[in-house]
There are 4 protein chains.
Amino acid sequence: MPDAVPDPPALLTPETARRYGVEGAWRIGIEAAVRWSEVDAFGHANHRAFLEWYENARNRYLEAVGLPRLTFTTPGPVLGHVEARYLKPLHFGDPFLTTARVRSIKRTSFTMDYAVWRDGCCALGSAFCVLMVAATGEKVPVPEPVRAAMIAFDQPEIL
Amino acid sequence: MPDAVPDPPALLTPETARRYGVEGAWRIGIEAAVRWSEVDAFGHANHRAFLEWYENARNRYLEAVGLPRLTFTTPGPVLGHVEARYLKPLHFGDPFLTTARVRSIKRTSFTMDYAVWRDGCCALGSAFCVLMVAATGEKVPVPEPVRAAMIAFDQPEIL
Amino acid sequence: MPDAVPDPPALLTPETARRYGVEGAWRIGIEAAVRWSEVDAFGHANHRAFLEWYENARNRYLEAVGLPRLTFTTPGPVLGHVEARYLKPLHFGDPFLTTARVRSIKRTSFTMDYAVWRDGCCALGSAFCVLMVAATGEKVPVPEPVRAAMIAFDQPEIL
Amino acid sequence: MPDAVPDPPALLTPETARRYGVEGAWRIGIEAAVRWSEVDAFGHANHRAFLEWYENARNRYLEAVGLPRLTFTTPGPVLGHVEARYLKPLHFGDPFLTTARVRSIKRTSFTMDYAVWRDGCCALGSAFCVLMVAATGEKVPVPEPVRAAMIAFDQPEIL
């Protein structure tokens, strides 16, 4: 099964995982540095920046498991619930890694976990996503190859 | 005690509450309309926009209970945890109301609840906030008058 | 002609203009206060925040002159050029006014000027906008009633 | 002189320049892909996203010429004027390159040019920046080594 899985730069290597102090099993990891626009007047990356990093990691993950690039007329993840926990602040220019994995799948929805890493874990997050076509508002089943690739990546719970 | 409480435009009136279909007890409510920059390519207010509305409502609430305006060198809320639940989408230009209240207080932290309303509830949220001085990174106790005003507003649980 | 013009809260009154130290002829003005998310680690409203205020004022102006609310399938302003000049910084919580007017009109495009006011002028801006339907990418003429209302508001140059 | 110049990943190679259809002399170029949060309901990268790309390229450039990482208490670029011209739209996920160079220098200020590339030029921009310490509001001269590195990079006009 893993050989059916695409191999974008988003795939996390053991060296990269080590460099950021990643713990646990994560297949997808995106490197970035904190941008000026993400830092607020307290001098830290604002709490909303992490949600955007989770969004980016989610979209890269979905691309990696074969979901066509998001558009107004094709299926995309609509959030039903989102959560973030902040452990260590990040400052302008700090390099960090955002990891993503699927925790559970249902017919038309899935739950992902996220984490941000720099010398260990800086933040955790999760999102419950329903797959919908924005133009029509209709829920759609997770396409079979996407579902298979998610299972191959992360062995999520099947609900 | 309530007469010690400031009275900014952020104070929610019964008429405004009715107009947006607000349920439950909320003292602070901020009206706005969805801005173009908050709408993504799915044509809805993005999930992160709600977090900013909660942030705005939090800051207006804190001002209403007497916390001096946030700066780098004075106490401000640093988020330890944030959560949002999305019930109904909002579109460009939709008017909405964001409400905020304090659910519980500890010595140096508090938990707030938020909701977004338009013909009833569109989204819920919460944030666990630690009061810190950004310049030094030190936690500070919730000032006594702020604490008293929070209690007068919302009768939070004292932890 | 002016009585054909809609009258939203965005219409600037002489008292409001005086309160912010507005100079010159502006028909549309939007009041707001600097939000936490707009302030960067230098402690000022970031230069991009002003561009969003111009965007909001542009959209309110277009609504005031009768353009239907922007969607993916109806005509909206696509920017060809934008410019901003910064005169005085704004800080978290500062109330300010954003004004907008049309400087010139062509068949499918127009140029607007903007300004931000607080105790006089804090910033200036302009945008060259082409009216397009995003879904098809086609340019469309400025609808006759919109054009007439723009002319009634601001006596723009006709190019 | 070029050997005194730092060599971050931001340095543009001829292969990268060719890949994006870059024209003209640019020493600094940052690769990225359009993020979901940058795309508006018209389905393009919003006009403000380009301003953030210019901001990122500016900050990477300043780091490359030796300016210490921006903080509240050290010299940083405060914008006096900014401009952008949009030639071709970019869509979600599109890879692009942002280039930056210094056009002219004065004692405490400089003007930079920017461009965004993907199969040729998609957008142009410029910014007039004053070097200031945010904490005190005072203008500071461009440090001699930074000035020398800017001259070595881009042979700007000396005003």
# chains A, B, ... in the order shown; residues from 1 in each chain; ligands from 1

$ interface_residues --of "chain B" --to "chain C" --cutoff "9 Å" --atoms "only C-alpha atoms" --output "NGL selection string"
:B and (35-37 or 41 or 43 or 52 or 55-56 or 59 or 69-72 or 92-93)

$ write_last_selection --atoms "N, CA, C and O atoms" --output "mmCIF file, in the first residue's frame"
data_model
loop_
_atom_site.group_PDB
_atom_site.id
_atom_site.type_symbol
_atom_site.label_atom_id
_atom_site.label_comp_id
_atom_site.auth_asym_id
_atom_site.auth_seq_id
_atom_site.Cartn_x
_atom_site.Cartn_y
_atom_site.Cartn_z
ATOM 1 N N ARG B 35 -16.220 40.661 6.666
ATOM 2 C CA ARG B 35 -15.426 41.440 5.728
ATOM 3 C C ARG B 35 -14.904 40.550 4.605
ATOM 4 O O ARG B 35 -14.749 39.339 4.764
ATOM 5 N N TRP B 36 -14.601 41.163 3.487
ATOM 6 C CA TRP B 36 -14.111 40.445 2.309
ATOM 7 C C TRP B 36 -12.866 39.634 2.639
ATOM 8 O O TRP B 36 -12.710 38.494 2.182
ATOM 9 N N SER B 37 -11.994 40.188 3.441
ATOM 10 C CA SER B 37 -10.728 39.521 3.774
ATOM 11 C C SER B 37 -10.942 38.303 4.668
ATOM 12 O O SER B 37 -10.007 37.534 4.879
ATOM 13 N N ALA B 41 -11.997 30.908 -0.398
ATOM 14 C CA ALA B 41 -12.440 30.521 -1.736
ATOM 15 C C ALA B 41 -13.642 29.574 -1.711
ATOM 16 O O ALA B 41 -14.221 29.282 -2.753
ATOM 17 N N GLY B 43 -16.197 30.590 -0.182
ATOM 18 C CA GLY B 43 -17.280 31.566 -0.113
ATOM 19 C C GLY B 43 -17.858 31.780 1.283
ATOM 20 O O GLY B 43 -18.880 32.443 1.437
ATOM 21 N N GLU B 52 -10.638 35.370 15.365
ATOM 22 C CA GLU B 52 -10.345 36.794 15.512
ATOM 23 C C GLU B 52 -11.535 37.522 16.142
ATOM 24 O O GLU B 52 -11.351 38.440 16.946
ATOM 25 N N GLU B 55 -11.231 36.970 19.679
ATOM 26 C CA GLU B 55 -10.140 37.811 20.201
ATOM 27 C C GLU B 55 -10.623 39.248 20.417
ATOM 28 O O GLU B 55 -10.346 39.855 21.457
ATOM 29 N N ASN B 56 -11.339 39.781 19.438
ATOM 30 C CA ASN B 56 -11.865 41.145 19.572
ATOM 31 C C ASN B 56 -12.835 41.241 20.746
ATOM 32 O O ASN B 56 -12.773 42.191 21.537
ATOM 33 N N ASN B 59 -10.953 41.183 23.992
ATOM 34 C CA ASN B 59 -10.281 42.442 24.300
ATOM 35 C C ASN B 59 -11.284 43.521 24.715
ATOM 36 O O ASN B 59 -11.015 44.299 25.637
ATOM 37 N N ARG B 69 -5.622 49.020 28.492
ATOM 38 C CA ARG B 69 -5.434 48.595 27.108
ATOM 39 C C ARG B 69 -4.110 47.830 26.956
ATOM 40 O O ARG B 69 -3.093 48.246 27.493
ATOM 41 N N LEU B 70 -4.148 46.736 26.234
ATOM 42 C CA LEU B 70 -2.996 45.834 26.108
ATOM 43 C C LEU B 70 -1.778 46.530 25.502
ATOM 44 O O LEU B 70 -1.897 47.216 24.487
ATOM 45 N N THR B 71 -0.627 46.311 26.100
ATOM 46 C CA THR B 71 0.649 46.748 25.519
ATOM 47 C C THR B 71 1.693 45.679 25.804
ATOM 48 O O THR B 71 1.439 44.729 26.552
ATOM 49 N N PHE B 72 2.875 45.884 25.253
ATOM 50 C CA PHE B 72 3.989 44.954 25.411
ATOM 51 C C PHE B 72 4.432 44.875 26.880
ATOM 52 O O PHE B 72 4.953 43.863 27.320
ATOM 53 N N PHE B 92 -19.987 36.788 3.014
ATOM 54 C CA PHE B 92 -19.549 38.186 2.898
ATOM 55 C C PHE B 92 -20.706 39.150 3.169
ATOM 56 O O PHE B 92 -21.782 39.020 2.578
ATOM 57 N N GLY B 93 -20.471 40.090 4.064
ATOM 58 C CA GLY B 93 -21.442 41.142 4.331
ATOM 59 C C GLY B 93 -22.477 40.792 5.387
ATOM 60 O O GLY B 93 -23.189 41.682 5.859
#

$ residues_around --residues "Cys129 of chain C" --least-positions-apart "6" --cutoff "7 Å" --atoms "only C-alpha atoms" --output "ChimeraX atom specification"
/C:77-80,109-111

$ write_last_selection --atoms "C-alpha atoms" --output "mmCIF file, in the first residue's frame"
data_model
loop_
_atom_site.group_PDB
_atom_site.id
_atom_site.type_symbol
_atom_site.label_atom_id
_atom_site.label_comp_id
_atom_site.auth_asym_id
_atom_site.auth_seq_id
_atom_site.Cartn_x
_atom_site.Cartn_y
_atom_site.Cartn_z
ATOM 1 C CA PRO C 77 -13.462 45.094 -8.370
ATOM 2 C CA VAL C 78 -10.200 43.360 -9.282
ATOM 3 C CA LEU C 79 -7.162 45.459 -8.419
ATOM 4 C CA GLY C 80 -4.697 46.446 -11.102
ATOM 5 C CA SER C 109 -12.664 50.452 -14.550
ATOM 6 C CA PHE C 110 -12.337 53.212 -11.983
ATOM 7 C CA THR C 111 -9.735 54.719 -9.663
#

$ atom_distance --atom1 "atom CA of Glu83 of chain C" --atom2 "atom CA of Arg103 of chain D"
17.7 Å

$ residues_around --residues "Ala17 of chain D" --least-positions-apart "2" --cutoff "12 Å" --atoms "only C-alpha atoms" --output "PyMOL selection string"
chain D and resi 10-15+19-31+96-99+115-121

$ atom_distance --atom1 "atom CA of Phe50 of chain A" --atom2 "atom CA of Arg48 of chain D"
20.0 Å
